[in-house]
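J.: Below is a structure I'd like to ask you about.
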Amino acid sequence: VVSRVAPGLEVSQGWAEITGGDMDATRTRLFAALRADRARPQPSLPEAGPFIARSGRTGRPAVFERDRWITRDGSVDATTRAKLRAACEIAGALERELCPPGCTFAAEDGELGSGYVAVVHADGNDMGALFAQHGGSPEQLAALSRTLGEVTAEATRAGVQAVAERLKSSGAAGTVLPIRPVLLGGDDLTLLVAAPHAMAFTVAFLRAFEKESEQRLGPITGAGLTAAAGIAIVKPGFPFYRAYELSEALCSEAKRRCRRAGAPTPSALMFHRVTDATTTDWSTIEREALSVRLPDRRSGTLVGGPWTLERLERLRELAAVLGDLPRGSVREWLDLVRRDPKRVAAHLERVGEVLDPEVRERLDAALEALDVDPKTLFERATGKAPVRSPILDALTWRVLDPSLSVTEQEAAACSA
């Protein structure tokens, strides 16, 4: 029956007699029986005869089906078809729940656009403490979980609406939104979105998560909730699991860096554009590709995050100002700060001499809002932690966002 209803699902059975009321010993024997049953080979149904067509991917008996979500040649095995059908049902339900009227989600990779793709992973902050304080009884736990799922779904709907409005305002509105949900449940969200819309979607999601949680959970918890997000920006065809692992690591890093003892964790995000596919381990990327040594021997990092919602607005201003700097100046700064930091001060002085006074004033204001020293373009932070620079993050945002014009030199600097 299981093979027919859910082909490919492994079923293991085991039983153990309760003797002497010792439940720990009984559980031990039960798990041993389950492991033994799992080791026995199971029949593969339906059984394939000599004249049965085979799936080219798995070699199992083939079934033929093709619709909008099943885009292969139609020859798949029963297990794959069952998974695809389940995915179709989930995708259809999400479209009906989250998409604006007349719109659908991207079903094929090509519908996400020809440029970079972003994997966004978002997760609620301090969920353990929330359930420990307000999930005492099974009924309370169920109600809290259900409400939390509604909050996440409503926040996702706000992010989808933000992307739809951006497309409409740019004149590129269509029926297919460049978004593909992967996971939506509880306080977790994972999806793919065209990279130019990743920041807009994530900011709208985080704002709506705070607002909806305050309205729906405020009467229970006394305050709203916050969330963190990680955005991994990759080229089309990049292995999804590696991009997902990076986005999850960025989300966790945003939480860790924003966490303060005795204070609620604010909503924040971190993002990174993958330009070297040799590794997607975040700690390795930061240590080997983004760490620098300043002329005064302080350790620095080109990771500007985590970005709270308030700091993101300041980063947007900086990204806009960078377009008015002399061509190639940012690219040369990024090169010098990694290879010859002693020349950075002279380079920035030359750039300041040729800047238009109005542009210089806007640049100084944008840097001051982020507490960045204009003589080094790194934060004025003190202590043992590496000082951060927002320049690379601002340039990445500028390169990816179509609402900001970008030069070829800026794009080359970000890729380098």
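Every chain in the structure tokens takes a letter, A first, then B, and so on in the order presented; its residues are numbered from 1, and the ligands are numbered from 1 following the presented order.
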Excluding His272 (chain A) and its own-chain neighbours fewer than 2 positions away, which residues fall within 8 Å of it when counting only C-alpha atoms? Please give them as a compact mmCIF listing (two decimals) with N, CA and C atoms, in the first residue's frame.
T.:
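So the final result, stored in result_27.txt, reads:
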```txt
# COMPACT_ATOMS: atom_id res chain seq x y z
N ILE A 231 21.34 36.50 2.31
CA ILE A 231 21.12 36.52 0.87
C ILE A 231 22.41 36.09 0.19
N ALA A 232 22.36 34.95 -0.49
CA ALA A 232 23.49 34.46 -1.28
C ALA A 232 23.19 34.74 -2.75
N ILE A 233 24.04 35.52 -3.40
CA ILE A 233 23.82 35.94 -4.77
C ILE A 233 24.76 35.15 -5.67
N MET A 270 22.41 39.99 6.10
CA MET A 270 23.74 40.03 5.50
C MET A 270 23.64 39.45 4.11
N VAL A 274 28.69 35.75 -4.74
CA VAL A 274 29.70 34.72 -4.97
C VAL A 274 30.36 34.97 -6.32
N ASP A 393 29.80 46.30 0.16
CA ASP A 393 28.37 46.02 0.21
C ASP A 393 27.58 47.06 -0.57
```
J.: Write out as an mmCIF file with all heavy atoms, in the first residue's frame the residues lying within 10 Å of Arg316 (chain A), counting only C-alpha atoms and excluding same-chain residues fewer than 4 positions away.
T.:
```cif
data_model
loop_
_atom_site.group_PDB
_atom_site.id
_atom_site.type_symbol
_atom_site.label_atom_id
_atom_site.label_comp_id
_atom_site.auth_asym_id
_atom_site.auth_seq_id
_atom_site.Cartn_x
_atom_site.Cartn_y
_atom_site.Cartn_z
ATOM 1 N N ARG A 311 20.190 50.867 9.363
ATOM 2 C CA ARG A 311 21.467 51.042 8.680
ATOM 3 C C ARG A 311 21.353 50.784 7.177
ATOM 4 O O ARG A 311 22.148 51.309 6.385
ATOM 5 C CB ARG A 311 22.520 50.122 9.281
ATOM 6 C CG ARG A 311 22.917 50.468 10.698
ATOM 7 C CD ARG A 311 24.048 49.592 11.187
ATOM 8 N NE ARG A 311 25.314 49.982 10.590
ATOM 9 C CZ ARG A 311 26.140 49.149 9.972
ATOM 10 N NH1 ARG A 311 25.811 47.871 9.823
ATOM 11 N NH2 ARG A 311 27.281 49.580 9.470
ATOM 12 N N LEU A 312 20.374 49.977 6.770
ATOM 13 C CA LEU A 312 20.197 49.718 5.342
ATOM 14 C C LEU A 312 19.838 50.981 4.583
ATOM 15 O O LEU A 312 20.273 51.171 3.440
ATOM 16 C CB LEU A 312 19.114 48.656 5.134
ATOM 17 C CG LEU A 312 19.582 47.201 5.081
ATOM 18 C CD1 LEU A 312 18.387 46.279 4.993
ATOM 19 C CD2 LEU A 312 20.520 46.973 3.910
ATOM 20 N N ALA A 320 24.081 55.163 -3.636
ATOM 21 C CA ALA A 320 23.709 56.162 -4.638
ATOM 22 C C ALA A 320 24.829 57.163 -4.877
ATOM 23 O O ALA A 320 25.090 57.569 -6.018
ATOM 24 C CB ALA A 320 22.439 56.889 -4.193
ATOM 25 N N VAL A 321 25.539 57.549 -3.810
ATOM 26 C CA VAL A 321 26.611 58.541 -3.954
ATOM 27 C C VAL A 321 27.792 57.968 -4.722
ATOM 28 O O VAL A 321 28.477 58.690 -5.467
ATOM 29 C CB VAL A 321 27.056 59.033 -2.561
ATOM 30 C CG1 VAL A 321 28.244 59.982 -2.685
ATOM 31 C CG2 VAL A 321 25.912 59.727 -1.857
ATOM 32 N N ALA A 366 27.033 60.683 3.903
ATOM 33 C CA ALA A 366 26.708 59.250 3.870
ATOM 34 C C ALA A 366 27.673 58.454 4.723
ATOM 35 O O ALA A 366 27.275 57.518 5.422
ATOM 36 C CB ALA A 366 26.718 58.755 2.424
ATOM 37 N N ASP A 393 29.804 46.298 0.156
ATOM 38 C CA ASP A 393 28.367 46.017 0.214
ATOM 39 C C ASP A 393 27.580 47.061 -0.572
ATOM 40 O O ASP A 393 26.630 46.728 -1.293
ATOM 41 C CB ASP A 393 27.889 45.988 1.666
ATOM 42 C CG ASP A 393 28.212 44.669 2.349
ATOM 43 O OD1 ASP A 393 28.687 43.748 1.657
ATOM 44 O OD2 ASP A 393 27.988 44.547 3.563
ATOM 45 N N ALA A 394 27.956 48.330 -0.433
ATOM 46 C CA ALA A 394 27.266 49.385 -1.173
ATOM 47 C C ALA A 394 27.449 49.206 -2.673
ATOM 48 O O ALA A 394 26.513 49.384 -3.459
ATOM 49 C CB ALA A 394 27.773 50.758 -0.727
ATOM 50 N N LEU A 395 28.658 48.840 -3.089
ATOM 51 C CA LEU A 395 28.920 48.644 -4.507
ATOM 52 C C LEU A 395 28.170 47.431 -5.048
ATOM 53 O O LEU A 395 27.628 47.462 -6.153
ATOM 54 C CB LEU A 395 30.428 48.475 -4.724
ATOM 55 C CG LEU A 395 30.892 48.399 -6.174
ATOM 56 C CD1 LEU A 395 30.492 49.635 -6.942
ATOM 57 C CD2 LEU A 395 32.400 48.193 -6.232
ATOM 58 N N TRP A 397 25.323 46.224 -3.932
ATOM 59 C CA TRP A 397 23.916 46.628 -4.042
ATOM 60 C C TRP A 397 23.723 47.489 -5.276
ATOM 61 O O TRP A 397 22.755 47.328 -6.021
ATOM 62 C CB TRP A 397 23.516 47.395 -2.780
ATOM 63 C CG TRP A 397 22.031 47.596 -2.630
ATOM 64 C CD1 TRP A 397 21.049 47.305 -3.544
ATOM 65 C CD2 TRP A 397 21.364 48.126 -1.492
ATOM 66 N NE1 TRP A 397 19.815 47.624 -3.045
ATOM 67 C CE2 TRP A 397 19.986 48.130 -1.785
ATOM 68 C CE3 TRP A 397 21.802 48.607 -0.265
ATOM 69 C CZ2 TRP A 397 19.033 48.606 -0.871
ATOM 70 C CZ3 TRP A 397 20.849 49.066 0.636
ATOM 71 C CH2 TRP A 397 19.493 49.067 0.342
ATOM 72 N N ARG A 398 24.654 48.386 -5.528
ATOM 73 C CA ARG A 398 24.530 49.281 -6.682
ATOM 74 C C ARG A 398 24.595 48.514 -7.998
ATOM 75 O O ARG A 398 23.856 48.792 -8.942
ATOM 76 C CB ARG A 398 25.645 50.321 -6.627
ATOM 77 C CG ARG A 398 25.647 51.294 -7.791
ATOM 78 C CD ARG A 398 26.665 52.381 -7.617
ATOM 79 N NE ARG A 398 26.643 53.240 -8.785
ATOM 80 C CZ ARG A 398 25.740 54.172 -9.011
ATOM 81 N NH1 ARG A 398 24.762 54.367 -8.147
ATOM 82 N NH2 ARG A 398 25.776 54.908 -10.104
ATOM 83 N N LEU A 404 19.536 51.778 -9.853
ATOM 84 C CA LEU A 404 20.737 52.599 -9.758
ATOM 85 C C LEU A 404 21.581 52.356 -10.995
ATOM 86 O O LEU A 404 21.942 51.218 -11.283
ATOM 87 C CB LEU A 404 21.541 52.242 -8.503
ATOM 88 C CG LEU A 404 20.844 52.473 -7.162
ATOM 89 C CD1 LEU A 404 21.670 51.889 -6.033
ATOM 90 C CD2 LEU A 404 20.616 53.956 -6.928
#
```
J.: Skipping near chain neighbours, those fewer than 4 positions away, what residues fall within 12 Å of region 83-99 of chain A using only C-alpha atoms, listed as a PyMOL selection string?
T.: chain A and resi 5-9+65-72+74+76-79+103-107+150+152-165+175-185+191
J.: Find the residues near region 246-254 of chain A: any atom within 12 Å, counting only C-alpha atoms, skip ones fewer than 2 places away on the same chain, and give them as number ranges by chain.
T.: A: 118-126, 188-192, 202, 227-234, 239-244, 256-259, 265-274, 277, 279-286, 303-308
J.: Among region 63-207 of chain A, which residues carry a DSSP assignment of strand (DSSP E), reported as an mmCIF file with C-alpha atoms, in the first residue's frame?
T.:
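This is the output file out-v1.cif:
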```cif
data_model
loop_
_atom_site.group_PDB
_atom_site.id
_atom_site.type_symbol
_atom_site.label_atom_id
_atom_site.label_comp_id
_atom_site.auth_asym_id
_atom_site.auth_seq_id
_atom_site.Cartn_x
_atom_site.Cartn_y
_atom_site.Cartn_z
ATOM 1 C CA VAL A 63 5.889 6.836 -15.916
ATOM 2 C CA PHE A 64 5.059 9.589 -18.381
ATOM 3 C CA SER A 75 10.038 9.979 -18.511
ATOM 4 C CA VAL A 76 10.402 9.799 -14.729
ATOM 5 C CA ASP A 77 10.000 7.019 -12.221
ATOM 6 C CA THR A 104 2.260 33.247 -10.850
ATOM 7 C CA PHE A 105 5.639 32.195 -9.523
ATOM 8 C CA VAL A 117 19.881 34.750 -8.777
ATOM 9 C CA ALA A 118 19.558 35.225 -5.030
ATOM 10 C CA VAL A 119 18.807 32.516 -2.487
ATOM 11 C CA VAL A 120 17.114 34.190 0.488
ATOM 12 C CA HIS A 121 16.847 32.437 3.836
ATOM 13 C CA ALA A 122 15.023 34.120 6.734
ATOM 14 C CA ASP A 123 14.500 32.902 10.273
ATOM 15 C CA GLY A 124 12.868 34.374 13.371
ATOM 16 C CA VAL A 176 5.243 35.577 -13.977
ATOM 17 C CA LEU A 177 7.074 36.942 -10.947
ATOM 18 C CA ILE A 179 10.324 34.269 -7.455
ATOM 19 C CA ARG A 180 10.303 30.578 -6.567
ATOM 20 C CA PRO A 181 9.450 29.589 -2.974
ATOM 21 C CA VAL A 182 11.333 26.599 -1.596
ATOM 22 C CA LEU A 183 10.297 26.499 2.063
ATOM 23 C CA LEU A 184 7.619 28.355 4.007
ATOM 24 C CA GLY A 185 6.760 27.025 7.433
ATOM 25 C CA ASP A 188 11.407 29.812 8.323
ATOM 26 C CA LEU A 189 11.455 31.034 4.738
ATOM 27 C CA THR A 190 13.683 30.009 1.839
ATOM 28 C CA LEU A 191 13.160 31.116 -1.760
ATOM 29 C CA LEU A 192 14.878 32.011 -5.000
ATOM 30 C CA VAL A 193 14.399 35.476 -6.461
ATOM 31 C CA ALA A 194 16.003 37.430 -9.278
#
```
J.: What are the DSSP alpha helix (DSSP H) residues of region 147-358 of chain A, as number ranges by chain?
T.: A: 147-169, 198-221, 240-258, 282-289, 309-322, 329-339, 344-354, 357-358
J.: For region 10-17 of chain A, please output as a PDB file with N, CA, C and O atoms, in the first residue's frame all residues within 7 Å (counting only C-alpha atoms; exclusion window: fewer than 4 positions along the same chain).
T.:
```
ATOM      1  N   THR A  26      13.363  -0.871  27.063  1.00  0.00           N
ATOM      2  CA  THR A  26      12.446  -1.249  25.987  1.00  0.00           C
ATOM      3  C   THR A  26      12.708  -0.416  24.738  1.00  0.00           C
ATOM      4  O   THR A  26      12.730  -0.929  23.615  1.00  0.00           O
ATOM      5  N   ARG A  29      15.777  -1.668  22.925  1.00  0.00           N
ATOM      6  CA  ARG A  29      15.512  -2.858  22.115  1.00  0.00           C
ATOM      7  C   ARG A  29      14.683  -2.509  20.882  1.00  0.00           C
ATOM      8  O   ARG A  29      14.891  -3.059  19.793  1.00  0.00           O
ATOM      9  N   LEU A  30      13.755  -1.561  21.021  1.00  0.00           N
ATOM     10  CA  LEU A  30      12.916  -1.165  19.888  1.00  0.00           C
ATOM     11  C   LEU A  30      13.754  -0.532  18.778  1.00  0.00           C
ATOM     12  O   LEU A  30      13.618  -0.856  17.599  1.00  0.00           O
ATOM     13  N   ALA A  33      15.687  -3.064  16.932  1.00  0.00           N
ATOM     14  CA  ALA A  33      14.850  -3.795  15.977  1.00  0.00           C
ATOM     15  C   ALA A  33      14.595  -2.975  14.726  1.00  0.00           C
ATOM     16  O   ALA A  33      14.582  -3.502  13.603  1.00  0.00           O
ATOM     17  N   LEU A  34      14.409  -1.667  14.885  1.00  0.00           N
ATOM     18  CA  LEU A  34      14.195  -0.800  13.722  1.00  0.00           C
ATOM     19  C   LEU A  34      15.441  -0.748  12.846  1.00  0.00           C
ATOM     20  O   LEU A  34      15.337  -0.780  11.609  1.00  0.00           O
ATOM     21  N   ASP A  37      15.658  -3.945  10.884  1.00  0.00           N
ATOM     22  CA  ASP A  37      14.681  -4.025   9.788  1.00  0.00           C
ATOM     23  C   ASP A  37      15.083  -3.105   8.643  1.00  0.00           C
ATOM     24  O   ASP A  37      14.850  -3.416   7.475  1.00  0.00           O
ATOM     25  N   ARG A  38      15.693  -1.958   8.963  1.00  0.00           N
ATOM     26  CA  ARG A  38      16.099  -1.020   7.926  1.00  0.00           C
ATOM     27  C   ARG A  38      17.216  -1.604   7.069  1.00  0.00           C
ATOM     28  O   ARG A  38      17.362  -1.241   5.895  1.00  0.00           O
TER      29      ARG A  38
END
```
J.: Give me, please, the distance in Å between CA of Tyr116 (chain A) and CA of Arg207 (chain A), quoted to one decimal.
T.: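 The value is 24.5 Å.
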J.: List the neighbours of Thr376 (chain A) out to 9 Å using only C-alpha atoms; skip same-chain residues closer than 2 positions along the sequence, and give me the result as a VMD selection string.
T.: chain A and resid 294 344 to 345 348 372 to 374 378 to 379 389
J.: I need the residue nearest Pro196 (chain A) from this list: A:Gly113, A:Gly262, A:Pro295, A:Gly149. Use only C-alpha atoms for the distance.
T.: A:Gly113
J.: Taking only C-alpha atoms into account, name the residue in A:Asp356, A:Glu212, A:Asp371, A:Glu349 that is nearest to Asp324 (chain A).
T.: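 Between A:Asp356, A:Glu212, A:Asp371, A:Glu349, the residue approaching Asp324 (chain A) most closely is A:Asp356.
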J.: Calculated over only C-alpha atoms, which of the candidates A:Gly174, A:Leu217, A:Lys255, A:Arg40 has the smallest distance to Pro100 (chain A)?
T.: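 Of A:Gly174, A:Leu217, A:Lys255, A:Arg40, the one nearest Pro100 (chain A), counting only C-alpha atoms, is A:Gly174.
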